[in-house]
Structures are given as structure tokens and as C-alpha cells.
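Have a look at work_3.cif below; it lists mmCIF, C-alpha atoms.
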data_coords
#
loop_
_atom_site.label_atom_id
_atom_site.label_comp_id
_atom_site.auth_asym_id
_atom_site.auth_seq_id
_atom_site.Cartn_x
_atom_site.Cartn_y
_atom_site.Cartn_z
CA MET A 1 -98.85 -58.47 -42.59
CA ASN A 2 -99.42 -62.06 -41.50
CA SER A 3 -103.14 -62.38 -40.70
CA ASN A 4 -102.33 -64.50 -37.66
CA SER A 5 -99.45 -62.44 -36.27
CA LEU A 6 -99.39 -60.56 -32.97
CA LYS A 7 -99.14 -57.27 -34.88
CA PHE A 8 -102.24 -58.09 -36.94
CA TRP A 9 -104.32 -58.98 -33.88
CA GLN A 10 -103.00 -56.00 -31.96
CA ALA A 11 -104.38 -53.69 -34.66
CA ARG A 12 -107.74 -55.51 -34.58
CA PHE A 13 -107.86 -55.24 -30.78
CA LEU A 14 -107.13 -51.50 -30.80
CA ASN A 15 -109.96 -50.99 -33.30
CA HIS A 16 -112.20 -52.99 -30.95
CA LEU A 17 -111.27 -50.64 -28.08
CA GLU A 18 -112.08 -47.58 -30.18
CA PHE A 19 -115.23 -48.59 -32.01
CA GLU A 20 -116.83 -51.25 -29.80
CA ARG A 21 -115.77 -50.35 -26.28
CA ARG A 22 -115.44 -46.64 -27.11
CA LEU A 23 -112.55 -46.08 -24.72
CA ALA A 24 -111.06 -42.61 -24.35
CA PRO A 25 -108.07 -41.73 -26.57
CA ALA A 26 -105.71 -41.55 -23.58
CA THR A 27 -106.76 -45.05 -22.49
CA ARG A 28 -106.23 -46.42 -25.98
CA GLN A 29 -102.80 -44.82 -26.11
CA ALA A 30 -101.87 -46.57 -22.85
CA TYR A 31 -103.02 -49.92 -24.30
CA THR A 32 -100.99 -49.22 -27.43
CA ARG A 33 -97.80 -48.51 -25.46
CA ASP A 34 -98.20 -51.62 -23.32
CA LEU A 35 -99.01 -53.91 -26.23
CA ASP A 36 -96.13 -52.49 -28.29
CA ARG A 37 -93.83 -53.42 -25.42
CA PHE A 38 -95.39 -56.89 -25.22
CA VAL A 39 -95.13 -57.56 -28.97
CA ASP A 40 -91.51 -56.36 -29.03
CA GLY A 41 -90.71 -58.57 -26.03
CA MET A 42 -92.24 -61.60 -27.69
CA ALA A 43 -90.26 -60.86 -30.88
CA LEU A 44 -87.05 -61.21 -28.84
CA LEU A 45 -88.29 -64.68 -27.84
CA GLU A 46 -89.21 -65.39 -31.48
CA MET A 47 -92.89 -65.63 -30.65
CA ALA A 48 -94.70 -64.15 -33.66
CA GLU A 49 -98.21 -65.57 -33.24
CA PRO A 50 -100.60 -65.18 -30.28
CA SER A 51 -101.13 -68.93 -29.85
CA ALA A 52 -97.36 -69.52 -29.58
CA VAL A 53 -97.09 -67.40 -26.40
CA LYS A 54 -97.22 -69.51 -23.24
CA GLU A 55 -97.30 -68.61 -19.57
CA PHE A 56 -93.57 -69.26 -19.05
CA HIS A 57 -92.76 -66.86 -21.93
CA LEU A 58 -94.66 -64.10 -20.16
CA ARG A 59 -92.99 -64.92 -16.84
CA GLN A 60 -89.59 -64.54 -18.52
CA PHE A 61 -90.72 -61.29 -20.12
CA VAL A 62 -92.03 -59.78 -16.84
CA ALA A 63 -88.96 -60.94 -14.88
CA ARG A 64 -86.64 -59.28 -17.41
CA LEU A 65 -88.54 -55.99 -17.25
CA HIS A 66 -88.48 -56.11 -13.45
CA ARG A 67 -84.69 -56.62 -13.48
CA GLN A 68 -84.43 -53.61 -15.79
CA GLY A 69 -86.15 -51.47 -13.16
CA VAL A 70 -89.77 -51.40 -14.38
CA GLY A 71 -91.94 -50.87 -11.29
CA GLY A 72 -94.72 -53.05 -9.98
CA ARG A 73 -97.51 -50.65 -10.94
CA SER A 74 -96.28 -50.45 -14.53
CA LEU A 75 -96.04 -54.23 -14.72
CA GLN A 76 -99.54 -54.60 -13.29
CA ARG A 77 -100.90 -52.29 -15.99
CA LEU A 78 -98.93 -54.15 -18.67
CA LEU A 79 -100.28 -57.53 -17.56
CA SER A 80 -103.80 -56.13 -17.39
CA ALA A 81 -103.48 -54.97 -21.01
CA ILE A 82 -102.20 -58.39 -22.08
CA ARG A 83 -105.03 -60.16 -20.25
CA SER A 84 -107.59 -57.92 -21.98
CA PHE A 85 -105.90 -58.56 -25.32
CA TYR A 86 -106.11 -62.33 -24.86
CA ARG A 87 -109.71 -62.19 -23.69
CA TYR A 88 -110.46 -60.54 -27.02
CA LEU A 89 -108.46 -63.25 -28.84
CA LEU A 90 -110.45 -65.94 -27.01
CA ARG A 91 -113.66 -64.27 -28.12
CA GLU A 92 -112.40 -64.24 -31.69
CA LYS A 93 -111.30 -67.91 -31.36
CA ALA A 94 -107.73 -66.95 -32.31
CA VAL A 95 -106.32 -68.71 -29.20
CA GLN A 96 -107.48 -71.41 -26.81
CA SER A 97 -106.14 -70.02 -23.53
CA ASN A 98 -105.02 -66.81 -21.84
CA PRO A 99 -101.32 -67.12 -20.87
CA ALA A 100 -101.51 -64.03 -18.64
CA ALA A 101 -104.46 -65.25 -16.57
CA ASN A 102 -102.43 -66.53 -13.61
CA ILE A 103 -99.46 -64.15 -13.63
CA GLN A 104 -99.19 -61.53 -10.91
CA ALA A 105 -96.83 -58.57 -11.07
CA PRO A 106 -94.36 -57.93 -8.23
CA LYS A 107 -95.99 -55.77 -5.59
CA SER A 108 -94.83 -52.21 -5.12
CA PRO A 109 -95.59 -49.80 -2.28
CA ARG A 110 -98.95 -48.17 -2.83
CA ARG A 111 -98.69 -44.41 -2.96
CA LEU A 112 -101.42 -42.42 -1.30
CA PRO A 113 -103.04 -39.92 -3.68
CA ALA A 114 -102.37 -36.26 -2.98
CA THR A 115 -105.28 -34.11 -1.83
CA LEU A 116 -106.04 -30.51 -0.91
CA ASP A 117 -107.45 -29.85 2.53
CA VAL A 118 -110.76 -28.02 2.82
CA ASP A 119 -109.18 -24.63 3.53
CA ALA A 120 -106.82 -24.86 0.56
CA MET A 121 -109.66 -25.95 -1.70
CA SER A 122 -111.80 -23.03 -0.55
CA ARG A 123 -108.95 -20.61 -1.26
CA LEU A 124 -108.48 -22.06 -4.75
CA LEU A 125 -112.17 -21.84 -5.60
CA ASP A 126 -112.45 -18.28 -4.28
CA ILE A 127 -111.47 -16.66 -7.56
CA PRO A 128 -113.13 -13.43 -8.72
CA PRO A 129 -115.36 -14.21 -11.75
CA VAL A 130 -114.69 -10.88 -13.42
CA THR A 131 -113.53 -12.07 -16.87
CA LEU A 132 -114.98 -14.61 -19.28
CA LEU A 133 -112.12 -17.07 -18.71
CA ALA A 134 -112.31 -16.65 -14.94
CA ILE A 135 -116.04 -17.42 -15.03
CA ARG A 136 -115.34 -20.55 -17.09
CA ASP A 137 -112.42 -21.66 -14.93
CA LYS A 138 -114.40 -21.23 -11.74
CA ALA A 139 -117.19 -23.40 -13.20
CA ILE A 140 -114.62 -26.04 -14.21
CA MET A 141 -113.05 -26.24 -10.76
CA GLU A 142 -116.37 -26.09 -8.90
CA LEU A 143 -117.66 -28.99 -11.02
CA PHE A 144 -114.46 -31.00 -10.51
CA TYR A 145 -114.73 -30.65 -6.74
CA SER A 146 -118.52 -30.94 -6.58
CA SER A 147 -118.83 -34.16 -8.55
CA GLY A 148 -115.39 -35.82 -8.68
CA LEU A 149 -115.23 -35.96 -12.48
CA ARG A 150 -112.25 -37.26 -14.42
CA LEU A 151 -110.60 -34.82 -16.82
CA SER A 152 -111.89 -36.70 -19.89
CA GLU A 153 -115.41 -36.72 -18.42
CA LEU A 154 -115.36 -32.98 -17.90
CA THR A 155 -113.97 -32.02 -21.32
CA SER A 156 -116.55 -34.20 -23.11
CA LEU A 157 -119.49 -33.08 -20.95
CA ARG A 158 -122.52 -31.67 -22.81
CA TRP A 159 -125.23 -29.36 -21.58
CA THR A 160 -127.83 -32.09 -22.08
CA GLN A 161 -126.09 -34.13 -19.38
CA LEU A 162 -126.78 -31.46 -16.75
CA ASP A 163 -130.13 -31.32 -14.96
CA PHE A 164 -130.27 -28.15 -12.88
CA HIS A 165 -133.80 -28.89 -11.62
CA SER A 166 -132.86 -32.20 -10.00
CA GLY A 167 -129.31 -31.10 -9.25
CA MET A 168 -127.73 -34.06 -11.04
CA VAL A 169 -125.13 -34.60 -13.75
CA ASN A 170 -125.16 -37.71 -15.97
CA VAL A 171 -121.54 -38.66 -16.67
CA THR A 172 -120.23 -41.11 -19.25
CA GLY A 173 -117.13 -42.67 -17.70
CA LYS A 174 -114.68 -45.47 -18.40
CA GLY A 175 -116.02 -48.33 -20.48
CA ASN A 176 -118.77 -46.05 -21.77
CA LYS A 177 -120.65 -46.51 -18.47
CA ASP A 178 -123.08 -43.85 -17.29
CA ARG A 179 -123.47 -42.72 -13.70
CA LEU A 180 -125.55 -40.04 -11.99
CA ILE A 181 -123.75 -37.69 -9.62
CA PRO A 182 -125.19 -34.89 -7.47
CA LEU A 183 -124.38 -31.36 -8.61
CA GLY A 184 -123.56 -29.06 -5.69
CA ARG A 185 -125.25 -25.68 -5.47
CA HIS A 186 -121.95 -23.77 -5.83
CA ALA A 187 -121.12 -25.75 -8.98
CA ALA A 188 -124.65 -25.24 -10.37
CA ARG A 189 -124.44 -21.49 -9.76
CA ALA A 190 -121.02 -21.28 -11.44
CA LEU A 191 -122.21 -23.34 -14.41
CA LEU A 192 -125.28 -21.18 -14.95
CA ALA A 193 -123.09 -18.07 -14.87
CA TRP A 194 -120.79 -19.65 -17.44
CA ARG A 195 -123.69 -20.69 -19.71
CA LYS A 196 -124.95 -17.12 -19.75
CA SER A 197 -121.48 -15.65 -20.40
CA SER A 198 -120.37 -18.21 -22.99
CA ALA A 199 -123.25 -17.42 -25.34
CA GLU A 200 -121.20 -14.61 -26.87
CA ILE A 201 -118.36 -16.94 -28.01
CA CYS A 202 -119.95 -20.39 -28.32
CA PRO A 203 -121.57 -21.30 -31.68
CA PRO A 204 -125.07 -22.85 -31.40
CA GLU A 205 -123.88 -26.17 -32.88
CA VAL A 206 -121.31 -26.73 -30.10
CA GLU A 207 -122.90 -28.93 -27.43
CA GLU A 208 -119.93 -29.24 -25.07
CA VAL A 209 -120.19 -27.32 -21.81
CA PHE A 210 -116.66 -25.97 -21.75
CA VAL A 211 -115.12 -24.20 -24.74
CA SER A 212 -112.00 -22.20 -25.47
CA ARG A 213 -111.96 -18.47 -26.12
CA LEU A 214 -112.39 -19.38 -29.82
CA GLY A 215 -115.63 -21.23 -29.11
CA LYS A 216 -114.19 -24.72 -29.68
CA PRO A 217 -114.45 -27.63 -27.19
CA ILE A 218 -111.78 -27.13 -24.56
CA ALA A 219 -108.66 -29.32 -24.70
CA PRO A 220 -107.47 -31.30 -21.66
CA ARG A 221 -104.10 -29.50 -21.73
CA THR A 222 -105.88 -26.15 -21.51
CA VAL A 223 -107.74 -27.28 -18.39
CA GLN A 224 -104.47 -28.45 -16.82
CA ALA A 225 -102.73 -25.17 -17.63
CA ARG A 226 -105.57 -23.03 -16.27
CA ILE A 227 -105.69 -24.95 -13.02
CA ARG A 228 -101.92 -24.50 -12.58
CA TYR A 229 -102.39 -20.79 -13.28
CA TRP A 230 -105.07 -20.33 -10.63
CA ALA A 231 -103.24 -22.41 -8.02
CA LYS A 232 -100.19 -20.19 -8.40
CA ARG A 233 -102.27 -17.00 -8.40
CA GLN A 234 -104.16 -18.07 -5.27
CA GLY A 235 -100.90 -18.78 -3.47
CA LEU A 236 -101.13 -22.57 -3.11
CA PRO A 237 -97.65 -24.02 -2.51
CA GLN A 238 -98.30 -27.52 -3.87
CA ARG A 239 -98.74 -28.69 -7.46
CA VAL A 240 -102.43 -28.70 -8.43
CA PHE A 241 -103.81 -30.77 -11.31
CA PRO A 242 -107.29 -31.94 -12.40
CA HIS A 243 -107.19 -35.36 -10.72
CA LEU A 244 -106.33 -33.69 -7.41
CA PHE A 245 -109.92 -32.41 -7.29
CA ARG A 246 -111.21 -35.98 -7.69
CA HIS A 247 -108.95 -37.23 -4.90
CA SER A 248 -110.02 -34.36 -2.65
CA PHE A 249 -113.71 -34.92 -3.48
CA ALA A 250 -113.46 -38.60 -2.47
CA SER A 251 -111.34 -38.00 0.63
CA HIS A 252 -113.50 -35.20 2.03
CA LEU A 253 -116.69 -37.13 1.33
CA LEU A 254 -115.37 -40.25 3.04
CA GLU A 255 -114.13 -38.27 6.04
CA SER A 256 -117.60 -36.81 6.53
CA SER A 257 -119.77 -39.85 5.73
CA GLY A 258 -117.65 -42.97 6.22
CA ASP A 259 -119.73 -44.55 3.42
CA LEU A 260 -117.17 -46.29 1.20
CA ARG A 261 -119.79 -47.89 -1.06
CA ALA A 262 -121.40 -44.54 -1.83
CA VAL A 263 -118.01 -43.02 -2.68
CA GLN A 264 -117.33 -45.99 -4.98
CA GLU A 265 -120.58 -45.33 -6.86
CA LEU A 266 -119.92 -41.60 -7.15
CA LEU A 267 -116.42 -42.17 -8.50
CA GLY A 268 -117.57 -44.87 -10.91
CA HIS A 269 -115.08 -47.48 -9.67
CA ALA A 270 -115.89 -50.99 -10.88
CA ASP A 271 -113.99 -52.55 -7.95
CA ILE A 272 -114.35 -51.27 -4.38
CA ALA A 273 -110.69 -52.16 -3.80
CA THR A 274 -109.81 -49.15 -5.97
CA THR A 275 -111.86 -46.90 -3.69
CA GLN A 276 -110.31 -48.31 -0.51
CA ILE A 277 -107.17 -46.24 -1.05
CA TYR A 278 -109.17 -43.33 0.37
CA THR A 279 -109.70 -45.16 3.66
CA HIS A 280 -105.92 -45.00 4.12
CA LEU A 281 -106.08 -41.27 3.51
CA ASP A 282 -108.80 -41.00 6.14
CA PHE A 283 -106.77 -42.90 8.74
CA GLN A 284 -103.71 -40.80 7.92
CA HIS A 285 -105.77 -37.66 8.49
CA LEU A 286 -107.05 -38.98 11.82
CA ALA A 287 -103.50 -39.79 12.91
CA GLU A 288 -102.38 -36.26 12.04
CA VAL A 289 -105.30 -34.78 14.00
CA TYR A 290 -104.35 -36.97 16.96
CA ASP A 291 -100.72 -35.87 16.81
CA ARG A 292 -101.73 -32.20 16.81
CA ALA A 293 -104.46 -32.34 19.44
CA HIS A 294 -103.89 -35.13 21.95
CA PRO A 295 -102.09 -34.00 25.15
CA ARG A 296 -99.90 -37.11 25.14
CA ALA A 297 -98.99 -36.84 21.46
CA LYS A 298 -97.27 -33.47 21.46
CA SER A 299 -94.01 -35.10 20.51
CA GLY A 300 -95.54 -35.73 17.09
CA ASP A 301 -95.51 -39.52 17.23
CA SER A 302 -98.87 -41.20 17.67
CA LYS A 303 -97.39 -44.70 17.87
CA ALA A 304 -96.99 -46.44 21.18
CA ILE A 305 -93.41 -46.09 22.43
CA LEU A 306 -91.78 -48.58 24.76
CA PRO A 307 -88.82 -47.78 27.01
CA ASP A 308 -85.47 -48.57 25.41
CA ASP A 309 -84.89 -51.55 27.64
CA ALA A 310 -88.48 -52.81 27.69
CA GLU A 311 -87.70 -55.83 25.55
CA ASN A 312 -84.88 -56.86 27.88
CA LYS A 313 -86.91 -56.69 31.09
CA LYS A 314 -88.49 -59.88 32.31
CA PRO A 315 -91.47 -59.89 34.67
CA LYS A 316 -90.60 -60.54 38.30
CA ARG A 317 -91.88 -63.74 39.76
#
What is this structure when it is put down as C-alpha cells?
Amino acid sequence: MNSNSLKFWQARFLNHLEFERRLAPATRQAYTRDLDRFVDGMALLEMAEPSAVKEFHLRQFVARLHRQGVGGRSLQRLLSAIRSFYRYLLREKAVQSNPAANIQAPKSPRRLPATLDVDAMSRLLDIPPVTLLAIRDKAIMELFYSSGLRLSELTSLRWTQLDFHSGMVNVTGKGNKDRLIPLGRHAARALLAWRKSSAEICPPEVEEVFVSRLGKPIAPRTVQARIRYWAKRQGLPQRVFPHLFRHSFASHLLESSGDLRAVQELLGHADIATTQIYTHLDFQHLAEVYDRAHPRAKSGDSKAILPDDAENKKPKR
């Protein structure tokens, strides 16, 4: 392999993500997919080396993908991966500029994250802890909702990161950054019950909080499957998945407090713009409450409505 080729530097960059930045496997896989697409696209333009790629090459590349139906969000993620790749190349003095620095992806409508309302969440969490797996699953879901953890944060969580005396959990999130999050009393009670019950299957050398029935650290797919199982068993009509707890945690907290900055810190968002999506959820909720409760909104439309001919009427002089 040419030691100055895109493929060579891509492999070096992915090693950097794994061993220096210590990104989660799923995040590295996303970088790999995006950079594979980038390298293949540059090969079509006969650009084999990083320094040969210019801004107009990337604009052609992005425009072609957009014409092929690739959405704005996917293009934003792709460009973000390329920008990160070239920042690494600049650090390594393999290039002199970042050709993706000034390129913006086409905007796409921002989808509001799904959430469970408080009643639905309470029904989901009200599972009888009568078996070992039920005790574990209740602790998983209580912790998800209590602290807004990502799936990767929960599956890698160790007992040493939990402080039951102070009621806090120390989470290692994206970019290997730590953050302290309050641990609700329901979650703490469920976790203590699980710690006591799991002693019969969990070997002493296993430090992870959540394990399978074989005593091994639990896999993300197992968590997803168990949550789907309990949602169906508890009679919830909508699809339930781990990140739905995080969305619900943020939305319910913002509805009650209105403190966007605090929610940003609890979620571990580097940019408050990422957290602001939950303000739209809050306004949507308020609009729905208005439509249901206001005497003049019984028709179900909270927007001001003008008469059909209002635009044609002129004020009398």
C-alpha cells in the first residue's frame, strides 16, 4: 500500500480513533463506512492521495450523492467524518489544508425525537421483579430513564462508577469524557436489588454492572431485545428502544425545569444546539395541551385562523 495514499491514511486515522481517542466500536464503524464512501468517491475522480483532494472535488462528490438521493443528515455526518479525517492529517503534516472545512451539506427537515409520556413510562417501568432477568431488566430501564444514559454507556458501566451514598453515577461518554449524573432513588433501589440477585451468576472478576444469564457482560443487542419484550408485555403500542429513554429523560426534565443548560450537561452534549431539539418537543407538547384544554381550541387547531375572505377585505376609510 502506498504510504501516502488515502487508504493508508484512513487506516492510520481509524487506529487513532480506537487507541488515542478511544471511541466506541459503533462510532468507529460509522467513521469507517463514511470514509470508505469518501475514498471510493475520490477514486472515481482519480484522487489517490489526501493532498490531491481539493474543495471543488468534494463539492462534486457531495452534489453527486445528493442527486442519488442521499439525505442531508447522512451528508452532514459524512462531511463531519471527512473534516475530522483531515484535521488528523493536518496534525500529522500529511496535508496543508482541510478541503471540507467550508462545505455545508444540504439541509433536511429536522425530525423530532420520539418520546414516551410520563404515564406510558410509568407503565413500562412497573414490571414485577419476580425473576432474575426481570430484576436486571427493571434496573436497566430505571437507570436509562433516571440518568439519560446512552446504550454504550450503560453496557460498559462498572459498579465502581456508581456511588449510592451520594446518589451519583460517573459516566464515560463520547470522546472518553466523564460526566456526573444524579441517580434517582427508584433506579438506586432497582440497582441494589440487582446487585444482590446477580451475585449467584456473576463471577467476581466481572466488573460490569449488567451481565447476561451466563454471567458475561451484557451485549447491546440483548438490551434492545429485552426492552422490546417488556414494551410488548406491558401493552405499549409504539416501538420502544434504548435511546427512547434518553429522549424521554431529556424532554420530561426540560418540561419541568426549563433549564436547557442543565439538560445539556446531563446528556453530555458538547454543543447546546444538539440539546435544543428538546425545546421543540416542549413547545409541541404545550401546543397539544392547548388544543386539548383551551375552550377556543376544541377544533384541534391552535393556530390563528382568518376568515376565508380576510385577505381580500380592505379597511373602510
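Residues surrounding region 22-32 of chain A within 8 Å are Leu14, Leu17, Glu18, Phe19, Leu35, Asp36, Ala81, Ser152, Lys174, Gly175 and Asn176 of chain A [all atoms listed in the file; sequence separation below 3 positions excluded].
Using only C-alpha atoms, the shortest contact distance between Phe144 (chain A) and any of A:Ser248, A:Ser74, A:Ser156, A:Ser3 is found at A:Ser248.
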- Item | Which of A:Trp230, A:Phe13, A:Trp159, A:Phe249 sits closest to Leu133 (chain A) [using only C-alpha atoms] | A:Trp230
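Here the question is which of A:Leu132, A:Leu90, A:Leu75, A:Leu143 gets nearest to Lys196 (chain A) using only C-alpha atoms, and that residue is A:Leu132.
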- What is the distance, in Å and to one decimal place, between CA of Arg185 (chain A) and CA of Met168 (chain A)?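 CA of Met168 (chain A) lies 10.4 Å from CA of Arg185 (chain A).
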- Message: I'd like the interatomic distance between CA of Gly69 (chain A) and CA of Arg37 (chain A), to a tenth of an Å.
- Response: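 The value is 14.6 Å.
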Counting all atoms listed in the file, give me one row per residue of region 66-166 of chain A with an atom at most 10 Å from an atom of region 203-214 of chain A, showing the shortest contact pair and its distance in Å to one decimal, sorted by chain then residue number, as a tab-separated table.
residue	atom	partner	partner_atom	distance
A:Leu132	CA	A:Arg213	CA	8.4
A:Leu133	CA	A:Arg213	CA	7.5
A:Arg136	CA	A:Phe210	CA	7.3
A:Asp137	CA	A:Phe210	CA	9.1
A:Ala139	CA	A:Phe210	CA	8.9
A:Ile140	CA	A:Phe210	CA	7.8
A:Leu154	CA	A:Phe210	CA	8.1
A:Thr155	CA	A:Phe210	CA	6.6
A:Ser156	CA	A:Glu208	CA	6.3
A:Leu157	CA	A:Glu208	CA	5.6
A:Arg158	CA	A:Glu208	CA	4.2
A:Trp159	CA	A:Val209	CA	5.4
A:Thr160	CA	A:Glu207	CA	7.9
A:Gln161	CA	A:Val209	CA	9.3
A:Leu162	CA	A:Val209	CA	9.3
Create the file for the chosen residues now, containing C-alpha atoms and written as a compact mmCIF listing (two decimals), in the frame of the given file.
# COMPACT_ATOMS: atom_id res chain seq x y z
CA LEU A 132 -114.98 -14.61 -19.28
CA LEU A 133 -112.12 -17.07 -18.71
CA ARG A 136 -115.34 -20.55 -17.09
CA ASP A 137 -112.42 -21.66 -14.93
CA ALA A 139 -117.19 -23.40 -13.20
CA ILE A 140 -114.62 -26.04 -14.21
CA LEU A 154 -115.36 -32.98 -17.90
CA THR A 155 -113.97 -32.02 -21.32
CA SER A 156 -116.55 -34.20 -23.11
CA LEU A 157 -119.49 -33.08 -20.95
CA ARG A 158 -122.52 -31.67 -22.81
CA TRP A 159 -125.23 -29.36 -21.58
CA THR A 160 -127.83 -32.09 -22.08
CA GLN A 161 -126.09 -34.13 -19.38
CA LEU A 162 -126.78 -31.46 -16.75
- Identify, on the basis of all atoms listed in the file, every residue whose closest approach to region 96-110 of chain A does not exceed 6 Å; exclude the query and any residue fewer than 4 positions from it along the same chain; express the result as a list in words. Lys54, Glu55, Gly72, Leu75, Gln76, Arg83 and Tyr86 of chain A
- Can you tell me, as a PyMOL selection string, what residues are no more than 7 Å from region 242-246 of chain A when counting all atoms listed in the file, ignoring any on the same chain fewer than 2 positions away? chain A and resi 114-115+144-145+148-151+224+240+248-250
Please dump the current selection as a PDB file, in the coordinates of the input; keep C-alpha atoms.
ATOM      1  CA  ALA A 114    -102.370 -36.260  -2.980  1.00  0.00           C
ATOM      2  CA  THR A 115    -105.280 -34.110  -1.830  1.00  0.00           C
ATOM      3  CA  PHE A 144    -114.460 -31.000 -10.510  1.00  0.00           C
ATOM      4  CA  TYR A 145    -114.730 -30.650  -6.740  1.00  0.00           C
ATOM      5  CA  GLY A 148    -115.390 -35.820  -8.680  1.00  0.00           C
ATOM      6  CA  LEU A 149    -115.230 -35.960 -12.480  1.00  0.00           C
ATOM      7  CA  ARG A 150    -112.250 -37.260 -14.420  1.00  0.00           C
ATOM      8  CA  LEU A 151    -110.600 -34.820 -16.820  1.00  0.00           C
ATOM      9  CA  GLN A 224    -104.470 -28.450 -16.820  1.00  0.00           C
ATOM     10  CA  VAL A 240    -102.430 -28.700  -8.430  1.00  0.00           C
ATOM     11  CA  SER A 248    -110.020 -34.360  -2.650  1.00  0.00           C
ATOM     12  CA  PHE A 249    -113.710 -34.920  -3.480  1.00  0.00           C
ATOM     13  CA  ALA A 250    -113.460 -38.600  -2.470  1.00  0.00           C
TER      14      ALA A 250
END
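If all atoms listed in the file are the atoms counted, then among A:Pro50, A:Pro129, A:Gly41, A:Gly184 the closest residue to Leu65 (chain A) is A:Gly41.
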- Message: Could you tell me how far CA of Val171 (chain A) sits from CA of Asp34 (chain A), in Å to one decimal place?
- Response: 27.5 Å
Just the residues within 9 Å of Gln234 (chain A), please, counting only C-alpha atoms, with nothing from its chain fewer than 5 positions along; format it as a PDB file with C-alpha atoms, in the frame of the given file.
ATOM      1  CA  ARG A 123    -108.950 -20.610  -1.260  1.00  0.00           C
ATOM      2  CA  LEU A 124    -108.480 -22.060  -4.750  1.00  0.00           C
ATOM      3  CA  LEU A 125    -112.170 -21.840  -5.600  1.00  0.00           C
ATOM      4  CA  ASP A 126    -112.450 -18.280  -4.280  1.00  0.00           C
ATOM      5  CA  ILE A 127    -111.470 -16.660  -7.560  1.00  0.00           C
ATOM      6  CA  TYR A 229    -102.390 -20.790 -13.280  1.00  0.00           C
TER       7      TYR A 229
END
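Compared by their closest atoms to Val169 (chain A), and using only C-alpha atoms, the residues A:Asp117, A:Ile135, A:Leu266, A:Val53 rank with A:Leu266 nearest.
Closest approach to Asn15 (chain A) among A:Tyr278, A:Ile227, A:Glu265, A:Tyr88: A:Tyr88, based on only C-alpha atoms.
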- Given the file above and the PyMOL selection byres ((chain A and resi 46-49) around 12), which residues are selected, and can you give them as a PyMOL selection string? chain A and resi 1-10+38-45+50-54+57-58+61+86+89+94-95
As an mmCIF file, in the frame of the given file, the rebuilt region 156-168 of chain A with N, CA, C and O atoms:
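This is the output file part13.cif:
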data_model
loop_
_atom_site.group_PDB
_atom_site.id
_atom_site.type_symbol
_atom_site.label_atom_id
_atom_site.label_comp_id
_atom_site.auth_asym_id
_atom_site.auth_seq_id
_atom_site.Cartn_x
_atom_site.Cartn_y
_atom_site.Cartn_z
ATOM 1 N N SER A 156 -115.556 -33.691 -22.161
ATOM 2 C CA SER A 156 -116.550 -34.200 -23.110
ATOM 3 C C SER A 156 -117.985 -33.934 -22.659
ATOM 4 O O SER A 156 -118.936 -34.295 -23.364
ATOM 5 N N LEU A 157 -118.158 -33.307 -21.501
ATOM 6 C CA LEU A 157 -119.490 -33.080 -20.950
ATOM 7 C C LEU A 157 -120.312 -32.144 -21.833
ATOM 8 O O LEU A 157 -119.805 -31.135 -22.333
ATOM 9 N N ARG A 158 -121.598 -32.495 -22.012
ATOM 10 C CA ARG A 158 -122.520 -31.670 -22.810
ATOM 11 C C ARG A 158 -123.618 -31.110 -21.918
ATOM 12 O O ARG A 158 -123.951 -31.675 -20.885
ATOM 13 N N TRP A 159 -124.191 -30.008 -22.381
ATOM 14 C CA TRP A 159 -125.230 -29.360 -21.580
ATOM 15 C C TRP A 159 -126.411 -30.280 -21.326
ATOM 16 O O TRP A 159 -127.070 -30.186 -20.281
ATOM 17 N N THR A 160 -126.696 -31.180 -22.259
ATOM 18 C CA THR A 160 -127.830 -32.090 -22.080
ATOM 19 C C THR A 160 -127.609 -33.083 -20.934
ATOM 20 O O THR A 160 -128.564 -33.730 -20.497
ATOM 21 N N GLN A 161 -126.376 -33.213 -20.472
ATOM 22 C CA GLN A 161 -126.090 -34.130 -19.380
ATOM 23 C C GLN A 161 -126.304 -33.491 -18.006
ATOM 24 O O GLN A 161 -126.231 -34.168 -16.986
ATOM 25 N N LEU A 162 -126.566 -32.191 -17.997
ATOM 26 C CA LEU A 162 -126.780 -31.460 -16.750
ATOM 27 C C LEU A 162 -128.266 -31.227 -16.521
ATOM 28 O O LEU A 162 -128.977 -30.766 -17.418
ATOM 29 N N ASP A 163 -128.725 -31.565 -15.326
ATOM 30 C CA ASP A 163 -130.130 -31.320 -14.960
ATOM 31 C C ASP A 163 -130.129 -30.407 -13.742
ATOM 32 O O ASP A 163 -129.927 -30.862 -12.610
ATOM 33 N N PHE A 164 -130.338 -29.115 -13.968
ATOM 34 C CA PHE A 164 -130.270 -28.150 -12.880
ATOM 35 C C PHE A 164 -131.475 -28.246 -11.955
ATOM 36 O O PHE A 164 -131.396 -27.871 -10.791
ATOM 37 N N HIS A 165 -132.596 -28.768 -12.462
ATOM 38 C CA HIS A 165 -133.800 -28.890 -11.620
ATOM 39 C C HIS A 165 -133.628 -29.975 -10.567
ATOM 40 O O HIS A 165 -133.981 -29.789 -9.397
ATOM 41 N N SER A 166 -133.071 -31.110 -10.972
ATOM 42 C CA SER A 166 -132.860 -32.200 -10.000
ATOM 43 C C SER A 166 -131.513 -32.096 -9.313
ATOM 44 O O SER A 166 -131.255 -32.808 -8.345
ATOM 45 N N GLY A 167 -130.636 -31.235 -9.835
ATOM 46 C CA GLY A 167 -129.310 -31.100 -9.250
ATOM 47 C C GLY A 167 -128.443 -32.318 -9.488
ATOM 48 O O GLY A 167 -127.722 -32.767 -8.594
ATOM 49 N N MET A 168 -128.495 -32.868 -10.716
ATOM 50 C CA MET A 168 -127.730 -34.060 -11.040
ATOM 51 C C MET A 168 -126.981 -33.864 -12.364
ATOM 52 O O MET A 168 -127.403 -33.089 -13.216
#
